[in-house]
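Just below is one structure, and these are the notes that go with it.
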Number of protein chains: 2
Amino acid sequence: MSNHETVNEILVRLFANILDIEEKCLKIGEFFDLSITEMHVIDNIGFTTERTMSDTAKAVKVTSGTLTTAIDNLIKKGYVERRRSSEDRRVVKIRLTEKGKAAFKSHEDFHKDLVISALQRLNSHEEEVLIKVLSNIDVFFSEKYKFAGW
Amino acid sequence: MSNHETVNEILVRLFANILDIEEKCLKIGEFFDLSITEMHVIDNIGFTTERTMSDTAKAVKVTSGTLTTAIDNLIKKGYVERRRSSEDRRVVKIRLTEKGKAAFKSHEDFHKDLVISALQRLNSHEEEVLIKVLSNIDVFFSEKYKFAGW
DNA sequence: CTCAATTACTTTGATAATCAAATTATATTT
DNA sequence: AAATATAATTTGATTATCAAAGTAATTGAG
């Protein structure tokens with residue numbers, strides 16, 4: 001098997017596993033009532049004082065209708081607060097509650113832990129190779145993105 | 001910025017975009033009537049002479065009920081063939097049609113492009129290092145999160 | 001050799017995530 | 001003041017998914 005095939009195979013498997021692990025870890029943790037999708041919305045809102053629905057929808061790449069229902073659920077579960085802007089009453093501002101912030105931190109920690117674990121056994125030369133490759137992939141995707149249209 | 005932060009940052013961005021990009025690339029190509037999920041099923045069936053529903057369901061990590069409906073649709077769209085095994089009549093064997101094989105190849109090309117980009121600017125020594133690094137991470141994840149294989 | 005248990009798959013009934021299009025309320029422009 | 005544009009929500013649909021129930025075929029224990 002060529003290097004290319006090997007790398008492809010491992011990358012595909014890694015990608016599939018990481019998503020799976022993230023989901024499973026979420027389900028057994030404190031914030032088990034959040035789906036991956038909801039966690040990513042929380043992640044995106046982050047610690048910003050307040051942000052609008054439109055900004056958030058654009059950032060997480062869903063329609064505003066989809067975000068409305070996502071936020072409805074997150075409010076029901078106590079992770080997010082919503083209020084109308086007084087400057088422009090069409091605008092709705094959202095932000096994380098304390099519980100939402102806790103979930104954010106927990107998710108952040110999970111990521112940190114994953115990366116630390118993954119890099120633990122690498123010497124600095126190996127780390128550099130890995131970073132080079134990740135950057136290349138990153139560039140590949142931004143190129144693709146450009147033409148994939150938006 | 002530390003290596004850890006760099007890796008984390010790139011990984012987060014990569015993960016946020018990868019499915020999205022793959023989806024967009026799919027939609028503008030010849031096989032626009034396939035969803036990402038369906039393409040992954042096709043990818044998994046591959047060029048095997050024939051495989052069973054159970055094997056495939058396990059490999060793509062969905063229940064057999066979910067796979068049944070996925071395969072129903074792929075058959076409707078002409079990508080997959082299904083027949084009962086004559087040795088054991090409980091077993092259903094599936095395989096790609098010619099159209100399915102064409103879709104498989106197209107998806108494979110996308111991945112090849114990705115890997116070629118990823119390996120750009122690496123010399124053969126670095127390629128070896130990369131494979132070692134990726135393999136380690138891969139093994140590490142399957143070990144550490146074995147429990148996630150519930 | 002038979003029938004209870006197991007296996008392989010499909011069906012059913014439910015939920016979550018998503019979109020496009022219609023709707024509502026507000027702001028801006030002409 | 002009326003027409004247009006914007007921000008968000010609602011509506012109606014689709015797709016992916018699961019768990020549990022159902023069906024058909026095979027295996028194995030007595």
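Residue names in the structure tokens use chain letters A, B, ... in the order shown, residue numbers from 1 in each chain, and ligand numbers from 1 in the order shown.
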
Output as a Markdown table one row per residue of chain C within 12 Å of segment 14-30 of chain D: the closest atom pair and its distance in Å to one decimal place, counting only C-alpha atoms (C1' of nucleotides), sorted by chain and residue number ascending.
| residue | atom | partner | partner_atom | distance |
| --- | --- | --- | --- | --- |
| C:DC1 | C1' | D:DG30 | C1' | 10.4 |
| C:DT2 | C1' | D:DG30 | C1' | 9.6 |
| C:DC3 | C1' | D:DA29 | C1' | 10.0 |
| C:DA4 | C1' | D:DA29 | C1' | 9.0 |
| C:DA5 | C1' | D:DG28 | C1' | 8.4 |
| C:DT6 | C1' | D:DT27 | C1' | 7.5 |
| C:DT7 | C1' | D:DT26 | C1' | 7.6 |
| C:DA8 | C1' | D:DA25 | C1' | 8.5 |
| C:DC9 | C1' | D:DT23 | C1' | 8.7 |
| C:DT10 | C1' | D:DT23 | C1' | 7.9 |
| C:DT11 | C1' | D:DG22 | C1' | 7.2 |
| C:DT12 | C1' | D:DA21 | C1' | 7.7 |
| C:DG13 | C1' | D:DA20 | C1' | 9.4 |
| C:DA14 | C1' | D:DC18 | C1' | 8.6 |
| C:DT15 | C1' | D:DT17 | C1' | 8.5 |
| C:DA16 | C1' | D:DT17 | C1' | 8.3 |
| C:DA17 | C1' | D:DA16 | C1' | 8.8 |
| C:DT18 | C1' | D:DT15 | C1' | 8.3 |
| C:DC19 | C1' | D:DT14 | C1' | 8.5 |
| C:DA20 | C1' | D:DT14 | C1' | 11.2 |

Which chain B residues have any atom within 8 Å of an atom of chain A, and for each, what is the nearest pair of atoms with distance in Å to one decimal, counting only C-alpha atoms, rows sorted by chain and number, as JSON lines?
{"residue": "B:Asn3", "atom": "CA", "partner": "A:Glu127", "partner_atom": "CA", "distance": 7.4}
{"residue": "B:His4", "atom": "CA", "partner": "A:Val115", "partner_atom": "CA", "distance": 6.6}
{"residue": "B:Thr6", "atom": "CA", "partner": "A:Ile131", "partner_atom": "CA", "distance": 7.7}
{"residue": "B:Val7", "atom": "CA", "partner": "A:Ile131", "partner_atom": "CA", "distance": 6.5}
{"residue": "B:Asn8", "atom": "CA", "partner": "A:Val115", "partner_atom": "CA", "distance": 6.2}
{"residue": "B:Ile10", "atom": "CA", "partner": "A:Leu134", "partner_atom": "CA", "distance": 6.8}
{"residue": "B:Leu11", "atom": "CA", "partner": "A:Leu134", "partner_atom": "CA", "distance": 7.7}
{"residue": "B:Arg13", "atom": "CA", "partner": "A:Asp138", "partner_atom": "CA", "distance": 7.9}
{"residue": "B:Leu14", "atom": "CA", "partner": "A:Asp138", "partner_atom": "CA", "distance": 6.3}
{"residue": "B:Asn17", "atom": "CA", "partner": "A:Phe141", "partner_atom": "CA", "distance": 7.8}
{"residue": "B:Ile18", "atom": "CA", "partner": "A:Phe141", "partner_atom": "CA", "distance": 7.4}
{"residue": "B:Ile21", "atom": "CA", "partner": "A:Tyr145", "partner_atom": "CA", "distance": 6.3}
{"residue": "B:Lys24", "atom": "CA", "partner": "A:Ala148", "partner_atom": "CA", "distance": 5.9}
{"residue": "B:Cys25", "atom": "CA", "partner": "A:Ala148", "partner_atom": "CA", "distance": 6.1}
{"residue": "B:Ile28", "atom": "CA", "partner": "A:Ala148", "partner_atom": "CA", "distance": 7.7}
{"residue": "B:His111", "atom": "CA", "partner": "A:Asn8", "partner_atom": "CA", "distance": 7.0}
{"residue": "B:Lys112", "atom": "CA", "partner": "A:Asn8", "partner_atom": "CA", "distance": 7.4}
{"residue": "B:Leu114", "atom": "CA", "partner": "A:Ile137", "partner_atom": "CA", "distance": 6.8}
{"residue": "B:Val115", "atom": "CA", "partner": "A:Asn8", "partner_atom": "CA", "distance": 6.2}
{"residue": "B:Ile116", "atom": "CA", "partner": "A:His4", "partner_atom": "CA", "distance": 7.2}
{"residue": "B:Ser117", "atom": "CA", "partner": "A:Asn136", "partner_atom": "CA", "distance": 6.1}
{"residue": "B:Ala118", "atom": "CA", "partner": "A:Asn136", "partner_atom": "CA", "distance": 4.9}
{"residue": "B:Leu119", "atom": "CA", "partner": "A:Val133", "partner_atom": "CA", "distance": 6.3}
{"residue": "B:Gln120", "atom": "CA", "partner": "A:Asn136", "partner_atom": "CA", "distance": 7.1}
{"residue": "B:Leu122", "atom": "CA", "partner": "A:Val129", "partner_atom": "CA", "distance": 7.9}
{"residue": "B:Glu126", "atom": "CA", "partner": "A:Val129", "partner_atom": "CA", "distance": 6.5}
{"residue": "B:Glu127", "atom": "CA", "partner": "A:Asn3", "partner_atom": "CA", "distance": 7.2}
{"residue": "B:Glu128", "atom": "CA", "partner": "A:Asn3", "partner_atom": "CA", "distance": 7.9}
{"residue": "B:Val129", "atom": "CA", "partner": "A:Glu126", "partner_atom": "CA", "distance": 6.5}
{"residue": "B:Leu130", "atom": "CA", "partner": "A:Leu130", "partner_atom": "CA", "distance": 6.4}
{"residue": "B:Ile131", "atom": "CA", "partner": "A:Val7", "partner_atom": "CA", "distance": 6.3}
{"residue": "B:Val133", "atom": "CA", "partner": "A:Glu126", "partner_atom": "CA", "distance": 7.1}
{"residue": "B:Leu134", "atom": "CA", "partner": "A:Ile10", "partner_atom": "CA", "distance": 6.8}
{"residue": "B:Ser135", "atom": "CA", "partner": "A:Ile10", "partner_atom": "CA", "distance": 6.9}
{"residue": "B:Ile137", "atom": "CA", "partner": "A:Ala118", "partner_atom": "CA", "distance": 5.6}
{"residue": "B:Asp138", "atom": "CA", "partner": "A:Leu14", "partner_atom": "CA", "distance": 6.0}
{"residue": "B:Phe140", "atom": "CA", "partner": "A:Ala118", "partner_atom": "CA", "distance": 7.5}
{"residue": "B:Phe141", "atom": "CA", "partner": "A:Asn17", "partner_atom": "CA", "distance": 7.7}
{"residue": "B:Ser142", "atom": "CA", "partner": "A:Asn17", "partner_atom": "CA", "distance": 7.9}
{"residue": "B:Tyr145", "atom": "CA", "partner": "A:Ile21", "partner_atom": "CA", "distance": 6.8}
{"residue": "B:Ala148", "atom": "CA", "partner": "A:Lys24", "partner_atom": "CA", "distance": 5.9}

Taking only C-alpha atoms (C1' of nucleotides) into account and nothing else, which residues of chain A lie no more than 12 Å away from chain D? Please answer as an mmCIF file with N, CA and C atoms, in the first residue's frame.
data_model
loop_
_atom_site.group_PDB
_atom_site.id
_atom_site.type_symbol
_atom_site.label_atom_id
_atom_site.label_comp_id
_atom_site.auth_asym_id
_atom_site.auth_seq_id
_atom_site.Cartn_x
_atom_site.Cartn_y
_atom_site.Cartn_z
ATOM 1 N N THR A 52 -26.285 38.437 17.809
ATOM 2 C CA THR A 52 -27.596 38.362 17.197
ATOM 3 C C THR A 52 -27.835 36.958 16.641
ATOM 4 N N MET A 53 -29.099 36.663 16.375
ATOM 5 C CA MET A 53 -29.464 35.401 15.759
ATOM 6 C C MET A 53 -28.787 35.263 14.391
ATOM 7 N N SER A 54 -28.867 36.312 13.583
ATOM 8 C CA SER A 54 -28.310 36.238 12.222
ATOM 9 C C SER A 54 -26.818 35.925 12.246
ATOM 10 N N ASP A 55 -26.080 36.638 13.079
ATOM 11 C CA ASP A 55 -24.640 36.400 13.159
ATOM 12 C C ASP A 55 -24.364 34.942 13.488
ATOM 13 N N ALA A 57 -26.386 32.315 13.207
ATOM 14 C CA ALA A 57 -26.826 31.410 12.144
ATOM 15 C C ALA A 57 -25.766 31.325 11.055
ATOM 16 N N THR A 63 -29.739 27.914 8.485
ATOM 17 C CA THR A 63 -30.676 29.007 8.199
ATOM 18 C C THR A 63 -31.150 29.598 9.522
ATOM 19 N N SER A 64 -31.732 30.783 9.446
ATOM 20 C CA SER A 64 -32.151 31.422 10.692
ATOM 21 C C SER A 64 -33.318 30.658 11.310
ATOM 22 N N GLY A 65 -34.139 30.043 10.478
ATOM 23 C CA GLY A 65 -35.219 29.211 11.001
ATOM 24 C C GLY A 65 -34.698 28.056 11.831
ATOM 25 N N THR A 66 -33.693 27.408 11.317
ATOM 26 C CA THR A 66 -33.085 26.291 12.050
ATOM 27 C C THR A 66 -32.525 26.770 13.385
ATOM 28 N N LEU A 67 -31.863 27.924 13.346
ATOM 29 C CA LEU A 67 -31.286 28.433 14.592
ATOM 30 C C LEU A 67 -32.370 28.780 15.594
ATOM 31 N N THR A 68 -33.461 29.354 15.127
ATOM 32 C CA THR A 68 -34.551 29.707 16.045
ATOM 33 C C THR A 68 -34.981 28.481 16.857
ATOM 34 N N THR A 69 -35.210 27.365 16.177
ATOM 35 C CA THR A 69 -35.663 26.189 16.935
ATOM 36 C C THR A 69 -34.533 25.649 17.817
ATOM 37 N N ILE A 71 -32.261 27.382 19.289
ATOM 38 C CA ILE A 71 -32.179 28.270 20.456
ATOM 39 C C ILE A 71 -33.386 28.067 21.374
ATOM 40 N N ASP A 72 -34.565 27.858 20.783
ATOM 41 C CA ASP A 72 -35.742 27.535 21.603
ATOM 42 C C ASP A 72 -35.409 26.401 22.571
ATOM 43 N N ARG A 83 -33.128 37.997 24.280
ATOM 44 C CA ARG A 83 -33.917 39.219 24.499
ATOM 45 C C ARG A 83 -33.898 40.055 23.226
ATOM 46 N N ARG A 84 -34.927 40.843 23.052
ATOM 47 C CA ARG A 84 -34.977 41.745 21.903
ATOM 48 C C ARG A 84 -34.090 42.949 22.151
ATOM 49 N N SER A 85 -33.417 43.354 21.115
ATOM 50 C CA SER A 85 -32.600 44.558 21.215
ATOM 51 C C SER A 85 -33.508 45.770 21.364
ATOM 52 N N ASP A 88 -32.825 48.193 18.069
ATOM 53 C CA ASP A 88 -33.547 47.788 16.855
ATOM 54 C C ASP A 88 -34.410 46.605 17.232
ATOM 55 N N ARG A 89 -35.703 46.846 17.335
ATOM 56 C CA ARG A 89 -36.568 45.842 17.920
ATOM 57 C C ARG A 89 -36.800 44.615 17.016
ATOM 58 N N ARG A 90 -36.241 44.633 15.790
ATOM 59 C CA ARG A 90 -36.300 43.415 14.983
ATOM 60 C C ARG A 90 -35.261 42.407 15.462
ATOM 61 N N VAL A 91 -34.205 42.918 16.041
ATOM 62 C CA VAL A 91 -33.034 42.098 16.371
ATOM 63 C C VAL A 91 -33.216 41.357 17.690
ATOM 64 N N VAL A 92 -32.789 40.093 17.710
ATOM 65 C CA VAL A 92 -32.804 39.300 18.938
ATOM 66 C C VAL A 92 -31.364 39.000 19.337
ATOM 67 N N LYS A 93 -31.055 39.279 20.590
ATOM 68 C CA LYS A 93 -29.705 39.010 21.081
ATOM 69 C C LYS A 93 -29.726 37.768 21.962
#

Filtered DSSP result for chain B, state strand (DSSP E or B), as a PDB file with C-alpha atoms, in the first residue's frame:
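Output file out-v6.pdb follows:
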ATOM      1  CA  ARG B  51     -21.244  -7.910   1.540  1.00  0.00           C
ATOM      2  CA  THR B  52     -24.007  -8.502   4.030  1.00  0.00           C
ATOM      3  CA  VAL B  80     -26.790  -0.531  -5.214  1.00  0.00           C
ATOM      4  CA  GLU B  81     -28.128  -4.044  -5.875  1.00  0.00           C
ATOM      5  CA  ARG B  82     -29.547  -6.364  -3.228  1.00  0.00           C
ATOM      6  CA  ARG B  83     -30.219 -10.103  -3.231  1.00  0.00           C
ATOM      7  CA  ARG B  84     -30.848 -12.836  -0.687  1.00  0.00           C
ATOM      8  CA  VAL B  92     -29.024 -10.157   2.341  1.00  0.00           C
ATOM      9  CA  LYS B  93     -26.047  -9.382   0.126  1.00  0.00           C
ATOM     10  CA  ILE B  94     -25.493  -5.957  -1.370  1.00  0.00           C
ATOM     11  CA  ARG B  95     -23.073  -4.626  -3.940  1.00  0.00           C
ATOM     12  CA  LEU B  96     -22.520  -1.534  -6.062  1.00  0.00           C
TER      13      LEU B  96
END

Sel. of helix (DSSP H, G or I) residues, segment 17-117 of chain A, as a ChimeraX atom specification:
/A:17-28,36-45,53-60,64-76,98-117

Since we have the selection now, will you write its residues out, keeping C-alpha atoms, as a compact mmCIF listing (two decimals), in the first residue's frame?
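Here's the written file selection.txt:
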# COMPACT_ATOMS: atom_id res chain seq x y z
CA ASN A 17 -13.64 8.01 15.47
CA ILE A 18 -13.20 11.50 16.80
CA LEU A 19 -16.77 12.49 16.03
CA ASP A 20 -17.96 9.31 17.62
CA ILE A 21 -15.84 9.81 20.72
CA GLU A 22 -17.03 13.37 21.09
CA GLU A 23 -20.64 12.24 20.97
CA LYS A 24 -20.17 9.38 23.44
CA CYS A 25 -18.19 11.50 25.90
CA LEU A 26 -20.88 14.14 25.80
CA LYS A 27 -23.59 11.60 26.58
CA ILE A 28 -21.92 10.24 29.69
CA ILE A 36 -23.35 17.54 19.45
CA THR A 37 -25.12 20.09 17.32
CA GLU A 38 -26.34 22.01 20.35
CA MET A 39 -22.87 21.91 21.88
CA HIS A 40 -21.49 23.43 18.72
CA VAL A 41 -24.00 26.25 18.90
CA ILE A 42 -22.97 26.87 22.49
CA ASP A 43 -19.34 26.72 21.42
CA ASN A 44 -20.04 29.31 18.79
CA ILE A 45 -21.90 31.73 21.06
CA MET A 53 -29.46 35.40 15.76
CA SER A 54 -28.31 36.24 12.22
CA ASP A 55 -24.64 36.40 13.16
CA THR A 56 -24.87 33.09 14.92
CA ALA A 57 -26.83 31.41 12.14
CA LYS A 58 -24.22 32.51 9.62
CA ALA A 59 -21.36 31.37 11.84
CA VAL A 60 -22.76 27.91 12.45
CA SER A 64 -32.15 31.42 10.69
CA GLY A 65 -35.22 29.21 11.00
CA THR A 66 -33.08 26.29 12.05
CA LEU A 67 -31.29 28.43 14.59
CA THR A 68 -34.55 29.71 16.05
CA THR A 69 -35.66 26.19 16.94
CA ALA A 70 -32.18 25.24 18.17
CA ILE A 71 -32.18 28.27 20.46
CA ASP A 72 -35.74 27.53 21.60
CA ASN A 73 -34.50 24.17 22.86
CA LEU A 74 -31.33 25.55 24.42
CA ILE A 75 -33.42 28.11 26.30
CA LYS A 76 -35.81 25.40 27.47
CA GLU A 98 -24.01 30.38 33.67
CA LYS A 99 -24.97 26.81 32.86
CA GLY A 100 -24.23 27.51 29.20
CA LYS A 101 -20.82 28.87 30.10
CA ALA A 102 -20.09 25.78 32.17
CA ALA A 103 -20.98 23.59 29.20
CA PHE A 104 -18.75 25.70 26.99
CA LYS A 105 -15.82 25.24 29.35
CA SER A 106 -16.40 21.53 29.62
CA HIS A 107 -16.36 21.17 25.87
CA GLU A 108 -13.24 23.27 25.64
CA ASP A 109 -11.53 21.05 28.21
CA PHE A 110 -12.48 17.97 26.26
CA HIS A 111 -10.81 19.40 23.18
CA LYS A 112 -7.71 20.37 25.10
CA ASP A 113 -7.47 16.94 26.61
CA LEU A 114 -7.82 15.29 23.22
CA VAL A 115 -5.06 17.35 21.69
CA ILE A 116 -2.76 16.94 24.67
CA SER A 117 -3.30 13.19 24.59

At what distance in Å, to one decimal, does atom CA of Phe47 of chain B lie from atom CA of Gly29 of chain B?
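Rounded to one decimal, the two atoms are 21.2 Å apart.
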
Atom CA of Tyr79 of chain A to atom CA of Thr97 of chain A: how many Å, to one decimal?
5.4 Å

I'd like the interatomic distance between atom CA of Asp33 of chain A and atom CA of Lys77 of chain A, to a tenth of an Å.
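Result for atom CA of Asp33 of chain A versus atom CA of Lys77 of chain A: 8.0 Å, one decimal.
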